[in-house]
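Coordinates as given in query.txt (compact mmCIF, C-alpha atoms):
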```
# COMPACT_ATOMS: atom_id res chain seq x y z
CA MET S 199 6.35 -20.49 -3.03
CA PHE S 200 7.11 -19.17 0.46
CA SER S 201 8.40 -21.21 3.36
CA LYS S 202 5.56 -22.82 5.34
CA PHE S 203 7.65 -22.19 8.45
CA ILE S 204 7.71 -18.42 7.87
CA VAL S 205 3.99 -18.21 7.14
CA SER S 206 3.13 -20.44 10.11
CA ASN S 207 5.12 -18.19 12.43
CA ALA S 208 3.30 -15.12 11.13
CA LEU S 209 -0.09 -16.74 11.68
CA SER S 210 0.97 -17.92 15.13
CA ASP S 211 1.56 -14.30 16.15
CA LEU S 212 -2.15 -13.66 15.60
CA ARG S 213 -2.94 -16.20 18.31
CA ASN S 214 -1.35 -13.90 20.85
CA ILE S 215 -2.65 -10.45 19.92
CA GLY S 216 -1.52 -7.84 22.44
CA GLU S 217 -3.81 -5.38 24.20
CA GLU S 218 -2.27 -2.53 22.23
CA TYR S 219 -4.45 -3.68 19.34
CA TYR S 220 -7.69 -3.53 21.36
CA VAL S 221 -9.96 -0.52 20.81
CA ASN S 222 -10.03 -0.14 24.60
CA GLU S 223 -8.76 -2.14 27.57
CA ASN S 224 -12.15 -3.79 28.12
CA SER S 225 -12.66 -4.87 24.49
CA PHE S 226 -12.05 -8.56 25.14
CA GLU S 227 -12.66 -8.71 28.88
CA TYR S 228 -15.38 -11.33 28.41
CA VAL S 229 -13.89 -13.50 25.67
CA LYS S 230 -15.89 -16.75 25.67
CA LYS S 231 -15.81 -17.94 22.03
CA LEU S 232 -14.87 -14.85 20.05
CA SER S 233 -11.32 -14.30 21.27
CA PRO S 234 -9.03 -11.82 19.45
CA ALA S 235 -7.41 -14.79 17.67
CA ASN S 236 -10.77 -16.11 16.43
CA VAL S 237 -11.87 -12.65 15.29
CA ALA S 238 -8.60 -12.18 13.38
CA GLY S 239 -8.91 -15.67 11.90
CA MET S 240 -12.42 -15.02 10.63
CA ILE S 241 -11.38 -11.70 9.07
CA LEU S 242 -8.50 -13.38 7.23
CA ASN S 243 -10.84 -16.09 5.92
CA ILE S 244 -13.59 -13.82 4.59
CA GLY S 245 -14.22 -14.79 0.97
CA GLY S 246 -17.06 -12.56 -0.19
CA SER S 247 -20.19 -14.37 1.07
CA ASN S 248 -22.66 -12.98 3.62
CA ILE S 249 -21.33 -12.82 7.13
CA ASN S 250 -23.35 -15.76 8.52
CA SER S 251 -22.05 -18.02 5.75
CA GLU S 252 -18.52 -16.81 6.45
CA ALA S 253 -18.93 -17.67 10.14
CA LYS S 254 -20.12 -21.20 9.31
CA SER S 255 -17.26 -21.66 6.83
CA PHE S 256 -14.71 -20.60 9.42
CA ILE S 257 -16.22 -22.99 11.99
CA LYS S 258 -15.77 -25.89 9.56
CA ARG S 259 -12.17 -24.91 8.87
CA ILE S 260 -11.15 -24.92 12.51
CA ASN S 261 -13.36 -27.96 13.19
CA ASP S 262 -14.57 -26.64 16.54
CA ASN S 263 -18.03 -27.93 17.48
CA TRP S 264 -18.39 -25.69 20.55
CA PHE S 265 -17.97 -22.69 18.23
CA GLU S 266 -21.17 -23.41 16.28
CA SER S 267 -23.39 -20.99 18.18
CA VAL S 268 -21.47 -17.90 17.07
CA THR S 269 -23.55 -15.73 14.73
CA GLY S 270 -22.55 -13.28 12.05
CA SER S 271 -23.97 -10.35 14.04
CA ALA S 272 -21.92 -11.34 17.10
CA PHE S 273 -18.79 -11.43 14.97
CA CYS S 274 -19.59 -7.99 13.46
CA GLN S 275 -19.89 -6.51 16.94
CA ARG S 276 -16.73 -8.14 18.20
CA ARG S 277 -14.53 -7.25 15.22
CA GLN S 278 -15.14 -3.56 15.94
CA GLN S 279 -13.09 -4.05 19.11
CA LEU S 280 -9.95 -5.08 17.19
CA CYS S 281 -7.75 -2.35 15.68
CA PRO S 282 -6.98 -2.97 11.98
CA GLU S 283 -3.35 -1.96 12.54
CA VAL S 284 -2.71 -5.49 13.81
CA PHE S 285 -2.99 -6.85 10.26
CA LYS S 286 -0.72 -4.22 8.74
CA ASP S 287 1.92 -4.74 11.42
CA GLU S 288 1.80 -8.53 11.11
CA ASN S 289 1.97 -8.25 7.32
CA MET S 290 5.09 -6.10 7.56
CA LYS S 291 6.67 -8.71 9.86
CA LEU S 292 5.83 -11.42 7.32
CA VAL S 293 7.26 -9.39 4.43
CA HIS S 294 10.42 -8.68 6.41
CA ASN S 295 10.89 -12.36 7.25
CA VAL S 296 10.29 -13.47 3.65
CA TYR S 297 12.84 -11.06 2.20
CA SER S 298 15.43 -11.54 4.95
CA GLN S 299 15.29 -15.35 5.13
CA LEU S 300 14.57 -16.49 1.56
CA THR S 301 17.27 -16.13 -1.09
CA TYR S 302 15.52 -17.77 -4.05
CA LEU S 303 12.73 -15.25 -4.72
CA HIS S 304 11.94 -14.70 -8.40
CA LYS S 305 13.69 -11.65 -9.87
CA TYR S 306 14.21 -10.04 -13.27
CA ASN S 307 17.91 -10.00 -14.16
CA GLY S 308 18.67 -9.87 -10.45
CA LYS S 309 16.25 -7.02 -9.81
CA THR S 310 13.07 -6.95 -7.70
CA LEU S 311 10.24 -5.55 -9.85
CA LEU S 312 8.09 -3.17 -7.81
CA ALA S 313 4.84 -1.58 -9.00
CA GLY S 314 2.92 1.23 -7.35
CA ASP S 315 -0.80 1.73 -7.88
CA SER S 316 -3.90 2.95 -6.08
CA SER S 317 -7.67 2.69 -6.31
CA ILE S 318 -10.66 4.45 -4.80
CA ILE S 319 -12.77 2.12 -2.67
CA THR S 320 -16.17 2.43 -0.99
CA LEU S 321 -16.18 2.01 2.78
CA SER S 322 -18.84 1.02 5.29
CA ASN S 323 -21.39 3.79 5.87
CA HIS S 324 -20.46 4.36 9.51
CA THR S 325 -20.09 7.58 11.53
CA THR S 326 -16.49 6.78 12.50
CA THR S 327 -15.56 6.07 8.89
CA LYS S 328 -17.15 9.32 7.73
CA GLU S 329 -15.28 11.30 10.35
CA LYS S 330 -11.93 9.72 9.52
CA TYR S 331 -12.23 10.15 5.77
CA GLY S 332 -13.19 13.78 5.78
CA ILE S 333 -16.88 14.22 5.01
CA LYS S 334 -18.23 14.94 8.50
CA SER S 335 -18.43 18.72 7.92
CA LYS S 336 -20.35 18.55 4.64
CA PRO S 337 -24.02 19.59 4.93
CA ASP S 338 -25.20 16.47 3.12
CA ALA S 339 -22.79 14.08 4.86
CA LYS S 340 -25.63 11.75 5.84
CA ASN S 341 -26.28 11.00 2.18
CA ILE S 342 -22.64 10.51 1.19
CA VAL S 343 -21.09 7.05 1.25
CA PRO S 344 -17.50 7.34 2.55
CA ARG S 345 -14.73 6.53 0.12
CA ALA S 346 -10.97 6.20 0.51
CA ARG S 347 -7.81 5.66 -1.50
CA ILE S 348 -5.95 2.40 -1.05
CA ALA S 349 -2.36 2.62 -2.31
CA CYS S 350 0.02 -0.34 -2.58
CA ILE S 351 3.50 -1.27 -3.67
CA THR S 352 3.68 -4.84 -4.94
CA ASP S 353 6.47 -7.21 -5.89
CA THR S 354 5.15 -8.18 -9.32
CA LEU S 355 7.15 -11.42 -9.53
CA THR S 356 6.04 -12.85 -6.18
CA ASN S 357 2.56 -11.24 -6.21
CA MET S 358 3.24 -10.03 -2.69
CA VAL S 359 1.93 -6.69 -1.40
CA LEU S 360 4.92 -5.15 0.35
CA SER S 361 3.26 -1.99 1.64
CA ALA S 362 -0.30 -0.65 1.67
CA ASP S 363 -2.07 2.42 3.04
CA ILE S 364 -5.71 3.49 3.20
CA THR S 365 -6.02 7.28 3.13
CA VAL S 366 -8.45 10.04 2.13
CA THR S 367 -9.28 10.15 -1.58
CA LYS S 368 -7.43 13.43 -2.14
CA SER S 369 -4.13 11.97 -0.94
CA SER S 370 -1.18 12.24 -3.30
CA GLU S 371 -0.18 8.92 -4.88
CA PRO S 372 3.52 9.82 -5.23
CA LYS S 373 3.73 11.16 -1.66
CA ILE S 374 2.27 7.91 -0.31
CA ALA S 375 4.63 5.89 -2.53
CA ALA S 376 7.64 7.95 -1.37
CA ASN S 377 6.83 7.12 2.26
CA GLN S 378 6.31 3.46 1.39
CA ILE S 379 9.65 3.30 -0.44
CA THR S 380 11.34 4.76 2.64
CA GLU S 381 9.76 2.02 4.79
CA LEU S 382 10.81 -0.69 2.33
CA ASN S 383 14.43 0.41 2.50
CA ASN S 384 14.67 -1.56 5.75
CA ILE S 385 13.21 -4.68 4.12
CA ILE S 386 14.55 -5.06 0.59
CA ASN S 387 17.66 -3.94 -1.26
CA LEU S 388 16.30 -0.95 -3.19
CA ASN S 389 19.60 -0.67 -5.04
CA GLU S 390 18.62 -3.93 -6.74
CA SER S 391 15.03 -2.96 -7.54
CA ILE S 392 13.05 -1.37 -10.37
CA PHE S 393 9.98 0.70 -9.45
CA MET S 394 7.21 1.11 -12.03
CA GLY S 395 4.40 3.65 -11.90
CA ASP S 396 1.75 5.18 -14.15
CA ARG S 397 1.19 8.89 -14.84
CA GLY S 398 -0.01 9.56 -11.30
CA TYR S 399 3.47 8.78 -9.98
CA ASP S 400 5.55 11.35 -11.86
CA ALA S 401 6.01 13.83 -8.98
CA LEU S 402 9.52 14.88 -8.06
CA GLU S 403 9.16 13.86 -4.41
CA LEU S 404 8.90 10.20 -5.43
CA ILE S 405 11.57 10.47 -8.13
CA ILE S 406 14.01 12.09 -5.70
CA THR S 407 13.27 9.47 -3.04
CA LEU S 408 14.01 6.70 -5.55
CA LEU S 409 17.25 8.44 -6.54
CA GLU S 410 18.26 8.69 -2.88
CA TYR S 411 17.92 4.95 -2.45
CA LYS S 412 19.62 4.31 -5.81
CA SER S 413 16.58 2.42 -7.09
CA TYR S 414 15.94 2.12 -10.82
CA PHE S 415 12.53 3.34 -11.93
CA ILE S 416 10.23 3.47 -14.95
CA ILE S 417 7.48 6.08 -14.66
CA ARG S 418 5.06 7.11 -17.37
CA LEU S 419 5.11 10.91 -17.66
CA LYS S 420 2.28 13.32 -18.31
CA GLU S 421 2.74 15.70 -21.23
CA SER S 422 3.34 18.57 -18.81
CA THR S 423 6.09 16.81 -16.83
CA PHE S 424 9.56 18.27 -17.56
CA LYS S 425 7.95 20.08 -20.49
CA THR S 426 10.71 22.70 -20.75
CA GLU S 427 13.52 20.13 -20.90
CA ARG S 428 11.64 17.87 -23.29
CA LYS S 429 11.23 20.65 -25.85
CA ASN S 430 14.86 20.23 -26.80
CA LEU S 431 14.72 16.46 -27.34
CA ARG S 432 15.77 15.40 -30.83
CA GLY S 433 15.36 11.63 -30.51
CA LYS S 434 13.11 9.14 -28.79
CA ASP S 435 15.68 8.04 -26.23
CA GLU S 436 17.73 10.83 -24.68
CA ASN S 437 19.13 12.02 -21.39
CA ILE S 438 18.06 15.34 -19.88
CA MET S 439 19.15 17.44 -16.93
CA ALA S 440 15.98 18.40 -15.05
CA ASN S 441 16.18 21.70 -13.19
CA MET S 442 15.40 21.59 -9.46
CA THR S 443 13.63 24.90 -8.86
CA LYS S 444 11.71 26.20 -5.84
CA GLY S 445 8.53 26.06 -7.90
CA ARG S 446 9.01 22.39 -8.75
CA LEU S 447 9.93 21.38 -5.21
CA LYS S 448 7.49 23.59 -3.27
CA ASN S 449 5.11 20.72 -2.47
CA MET S 450 7.75 18.37 -1.07
CA ASP S 451 7.13 17.26 2.52
CA ASN S 452 10.69 16.09 3.14
CA GLN S 453 12.42 19.40 3.82
CA GLU S 454 15.87 17.83 4.12
CA LEU S 455 15.66 16.32 0.63
CA LYS S 456 14.12 19.51 -0.69
CA GLU S 457 17.07 21.62 0.47
CA LYS S 458 19.57 19.02 -0.75
CA TYR S 459 18.21 18.99 -4.29
CA LEU S 460 17.74 22.75 -4.47
CA LYS S 461 21.49 22.96 -3.85
CA LYS S 462 22.15 20.28 -6.47
CA GLY S 463 20.29 22.36 -9.01
CA ARG S 464 19.72 19.56 -11.56
CA ILE S 465 19.21 15.81 -11.77
CA PRO S 466 19.96 13.49 -14.73
CA LEU S 467 17.00 11.58 -16.18
CA ARG S 468 16.55 9.35 -19.20
CA ILE S 469 13.44 10.09 -21.29
CA ILE S 470 12.15 7.46 -23.73
CA GLU S 471 9.20 8.02 -26.05
CA ILE S 472 7.18 4.84 -26.59
CA PRO S 473 4.07 4.85 -28.83
CA LEU S 474 1.06 3.35 -27.02
CA GLU S 475 -2.08 2.06 -28.68
CA LYS S 476 -5.38 3.27 -27.22
CA GLU S 477 -8.56 1.22 -27.00
CA ASP S 478 -9.90 2.86 -30.16
CA GLY S 479 -6.80 1.80 -32.10
CA THR S 480 -5.17 5.24 -32.23
CA ILE S 481 -1.61 5.87 -31.08
CA GLU S 482 -0.63 8.36 -28.39
```
When written as structure tokens, how does the structure in this file appear?
Amino acid sequence: MFSKFIVSNALSDLRNIGEEYYVNENSFEYVKKLSPANVAGMILNIGGSNINSEAKSFIKRINDNWFESVTGSAFCQRRQQLCPEVFKDENMKLVHNVYSQLTYLHKYNGKTLLAGDSSIITLSNHTTTKEKYGIKSKPDAKNIVPRARIACITDTLTNMVLSADITVTKSSEPKIAANQITELNNIINLNESIFMGDRGYDALELIITLLEYKSYFIIRLKESTFKTERKNLRGKDENIMANMTKGRLKNMDNQELKEKYLKKGRIPLRIIEIPLEKEDGTIE
């Protein structure tokens, strides 16, 4: 679907990885066969097999006979010297180029359909990982496998991940999404987008951020969300004026938006009740 030229340029950038992405200045001092470009290439080509098989597969793809002596263990040691931020930064460049240079991307009635979601993943059982993801201080940390939350915003019609973050498991989904939406404002026209999120995304910080960028949004609400205003609903499709109180906005990180909406006092929202069938056949 995407221009081969754009993708080729993005991959070419990985052939010239700067020292700012090295763990330290001596990380690739003795390059030999496993250069930063080869390490990045192998990581991008990992398909789920054991690491030795992945190394052999990558060798065949690049058709380099002198590369045959590289082992999986050597690759594992070398990849620890490459900062993962290189992939996120290069992905953001690719996303920016796709949405700035291509005008024929699939849309729904002229709108980009965005979806936010997150999952809890298990990480490698390594000291550095444990320290970063917050279990170092626990008495039984040695017996705990580190886990993290990976949160993404995806263009559902191009199947392209526009923004992704790996954070501690207790991180707030809507706070992460609000920051991601702010980043995407420089890449896509949020005024011509529709954001969709499940019940974990019904916090006011995200809703207010979407309103600021004039993005449409469809978010499934929990029963407790806007409970006071929803008591007065008479139909299944009505508009409400949601009160912006200090209690509701106390957890907002963006103080500028917080003060702005406290002064506004209320925001208009459309509430639609849609019956959903559960797995057991009942309706909620």
Across S:Ile215, S:Met439, S:Ile348, S:Leu360, the smallest distance to Lys291 in chain S, with only C-alpha atoms counted, is shown by S:Leu360
Mind checking which residues fall within 9 Å of Ala440 in chain S, counting only C-alpha atoms, ignoring those fewer than 3 positions away in the same chain, and posting them as a ChimeraX atom specification?
-> /S:424,426-427,463-467
Closest pair table for range 341-443 of chain S residues within 12 Å of range 296-314 of chain S, only C-alpha atoms, as CSV:
```
residue,atom,partner,partner_atom,distance
S:Ile348,CA,S:Gly314,CA,10.9
S:Ala349,CA,S:Gly314,CA,7.4
S:Cys350,CA,S:Gly314,CA,5.8
S:Ile351,CA,S:Gly314,CA,4.5
S:Thr352,CA,S:Ala313,CA,5.3
S:Asp353,CA,S:Leu312,CA,4.8
S:Thr354,CA,S:Leu311,CA,5.8
S:Leu355,CA,S:His304,CA,5.9
S:Thr356,CA,S:His304,CA,6.6
S:Asn357,CA,S:Leu312,CA,9.9
S:Met358,CA,S:Leu312,CA,9.8
S:Val359,CA,S:Leu312,CA,9.6
S:Leu360,CA,S:Leu312,CA,9.0
S:Ser361,CA,S:Gly314,CA,9.6
S:Ala362,CA,S:Gly314,CA,9.8
S:Asp363,CA,S:Gly314,CA,11.6
S:Glu371,CA,S:Gly314,CA,8.7
S:Pro372,CA,S:Gly314,CA,8.9
S:Lys373,CA,S:Gly314,CA,11.5
S:Ile374,CA,S:Gly314,CA,9.7
S:Ala375,CA,S:Gly314,CA,6.9
S:Ala376,CA,S:Gly314,CA,10.2
S:Asn377,CA,S:Gly314,CA,11.9
S:Gln378,CA,S:Gly314,CA,9.6
S:Ile379,CA,S:Gly314,CA,9.9
S:Leu382,CA,S:Tyr297,CA,10.6
S:Asn383,CA,S:Tyr297,CA,11.6
S:Asn384,CA,S:Ser298,CA,10.0
S:Ile385,CA,S:Tyr297,CA,6.7
S:Ile386,CA,S:Tyr297,CA,6.4
S:Asn387,CA,S:Thr310,CA,8.5
S:Leu388,CA,S:Thr310,CA,8.2
S:Asn389,CA,S:Lys309,CA,8.6
S:Glu390,CA,S:Lys309,CA,5.0
S:Ser391,CA,S:Thr310,CA,4.4
S:Ile392,CA,S:Leu311,CA,5.1
S:Phe393,CA,S:Leu312,CA,4.6
S:Met394,CA,S:Ala313,CA,4.7
S:Gly395,CA,S:Gly314,CA,5.4
S:Asp396,CA,S:Gly314,CA,8.0
S:Arg397,CA,S:Gly314,CA,10.9
S:Gly398,CA,S:Gly314,CA,9.7
S:Tyr399,CA,S:Gly314,CA,8.0
S:Asp400,CA,S:Gly314,CA,11.4
S:Leu404,CA,S:Gly314,CA,11.0
S:Leu408,CA,S:Leu312,CA,11.7
S:Ser413,CA,S:Lys309,CA,9.8
S:Tyr414,CA,S:Lys309,CA,9.2
S:Phe415,CA,S:Leu312,CA,8.9
S:Ile416,CA,S:Ala313,CA,9.5
S:Ile417,CA,S:Ala313,CA,9.9
S:Arg418,CA,S:Gly314,CA,11.8
```
Taking only C-alpha atoms into account, which of S:Thr320, S:Thr269, S:Asn341, S:Thr407 comes nearest Glu454 in chain S?
-> S:Thr407
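Those residues that approach Lys434 in chain S to within 7 Å, counting all atoms listed in the file, are Glu436, Ile470 and Glu471 of chain S; same-chain residues fewer than 2 positions away are not listed.
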If we count only C-alpha atoms, what is near Phe273 in chain S at a cut-off of 8 Å, once residues fewer than 3 positions away on the same chain are taken out, given as a list in words?
-> Leu232, Val237, Ala253, Val268, Thr269, Gly270, Arg276 and Arg277 of chain S
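If you look at CA of Asn441 in chain S and CA of Ile406 in chain S, they are 12.4 Å away from each other.
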All residues 8 Å or closer to Asn323 in chain S, all atoms listed in the file, same chain fewer than 2 positions away omitted, as a list in words | Leu321, Thr325, Thr327, Lys328, Val343 and Pro344 of chain S
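Residues with any atom within 12 Å of Lys461 in chain S, counting all atoms listed in the file and excluding same-chain neighbours fewer than 4 positions away, are S:Asn441, S:Met442, S:Thr443, S:Lys444, S:Leu447, S:Glu454, S:Leu455, S:Lys456, S:Glu457, S:Ile465.
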Report the distance between CA of Cys274 in chain S and CA of Asn248 in chain S in Å, rounded to one decimal place.
-> 11.5 Å
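Of note, CA of Ile469 in chain S and CA of Arg428 in chain S are spaced 8.2 Å apart.
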Centre and edge lengths, as AutoDock Vina command-line options, for the axis-aligned box enclosing every listed atom of range 315-325 of chain S with 4 Å of padding on each of the six sides, in Å to one decimal?
```
--center_x -11.1 --center_y 4.3 --center_z 1.8 --size_x 28.6 --size_y 14.6 --size_z 27.4
```
From S:Ile472, S:Ile342, S:Ile405, S:Ile249, residue lying nearest Met450 in chain S [all atoms listed in the file] | S:Ile405
Selecting N, CA and C atoms, how would range 375-399 of chain S from this structure be written as a short mmCIF file (atom, residue, chain, number, x, y, z; two decimals), in the first residue's frame?
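Dumped everything to out.cif:
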```cif
data_model
loop_
_atom_site.label_atom_id
_atom_site.label_comp_id
_atom_site.auth_asym_id
_atom_site.auth_seq_id
_atom_site.Cartn_x
_atom_site.Cartn_y
_atom_site.Cartn_z
N ALA S 375 -2.46 8.01 26.16
CA ALA S 375 -3.12 8.33 24.90
C ALA S 375 -3.17 9.84 24.67
N ALA S 376 -3.39 10.62 25.73
CA ALA S 376 -3.42 12.08 25.60
C ALA S 376 -2.08 12.61 25.10
N ASN S 377 -0.99 12.06 25.64
CA ASN S 377 0.34 12.47 25.19
C ASN S 377 0.59 12.04 23.75
N GLN S 378 0.12 10.85 23.40
CA GLN S 378 0.30 10.37 22.03
C GLN S 378 -0.49 11.20 21.04
N ILE S 379 -1.70 11.59 21.41
CA ILE S 379 -2.52 12.44 20.54
C ILE S 379 -1.82 13.78 20.31
N THR S 380 -1.22 14.33 21.36
CA THR S 380 -0.49 15.59 21.24
C THR S 380 0.66 15.45 20.25
N GLU S 381 1.38 14.32 20.31
CA GLU S 381 2.48 14.07 19.37
C GLU S 381 1.96 13.94 17.94
N LEU S 382 0.81 13.27 17.79
CA LEU S 382 0.27 13.03 16.45
C LEU S 382 -0.27 14.30 15.80
N ASN S 383 -0.50 15.34 16.59
CA ASN S 383 -1.01 16.58 16.02
C ASN S 383 -0.05 17.16 14.98
N ASN S 384 1.23 16.82 15.11
CA ASN S 384 2.22 17.31 14.15
C ASN S 384 2.35 16.40 12.93
N ILE S 385 1.59 15.30 12.92
CA ILE S 385 1.73 14.31 11.84
C ILE S 385 0.46 14.19 11.01
N ILE S 386 -0.69 14.11 11.67
CA ILE S 386 -1.95 13.97 10.94
C ILE S 386 -2.89 15.11 11.29
N ASN S 387 -3.91 15.28 10.47
CA ASN S 387 -4.91 16.31 10.72
C ASN S 387 -5.96 15.75 11.69
N LEU S 388 -5.79 16.05 12.97
CA LEU S 388 -6.70 15.50 13.98
C LEU S 388 -8.12 16.02 13.82
N ASN S 389 -8.27 17.17 13.17
CA ASN S 389 -9.60 17.71 12.91
C ASN S 389 -10.39 16.82 11.97
N GLU S 390 -9.68 15.97 11.22
CA GLU S 390 -10.31 15.03 10.29
C GLU S 390 -10.07 13.59 10.75
N SER S 391 -10.19 13.37 12.05
CA SER S 391 -9.96 12.03 12.61
C SER S 391 -11.06 11.67 13.60
N ILE S 392 -11.22 10.37 13.81
CA ILE S 392 -12.14 9.85 14.82
C ILE S 392 -11.35 8.90 15.71
N PHE S 393 -11.27 9.21 17.00
CA PHE S 393 -10.56 8.35 17.95
C PHE S 393 -11.55 7.43 18.64
N MET S 394 -11.19 6.15 18.75
CA MET S 394 -12.05 5.16 19.41
C MET S 394 -11.30 4.51 20.56
N GLY S 395 -11.98 4.36 21.69
CA GLY S 395 -11.35 3.74 22.85
C GLY S 395 -12.36 2.99 23.69
N ASP S 396 -11.88 1.98 24.42
CA ASP S 396 -12.76 1.20 25.29
C ASP S 396 -12.91 1.90 26.63
N ARG S 397 -13.46 1.17 27.62
CA ARG S 397 -13.79 1.80 28.90
C ARG S 397 -12.58 2.34 29.67
N GLY S 398 -11.39 1.86 29.35
CA GLY S 398 -10.21 2.38 30.03
C GLY S 398 -9.81 3.77 29.58
N TYR S 399 -10.47 4.28 28.55
CA TYR S 399 -10.07 5.55 27.94
C TYR S 399 -11.08 6.68 28.20
#
```
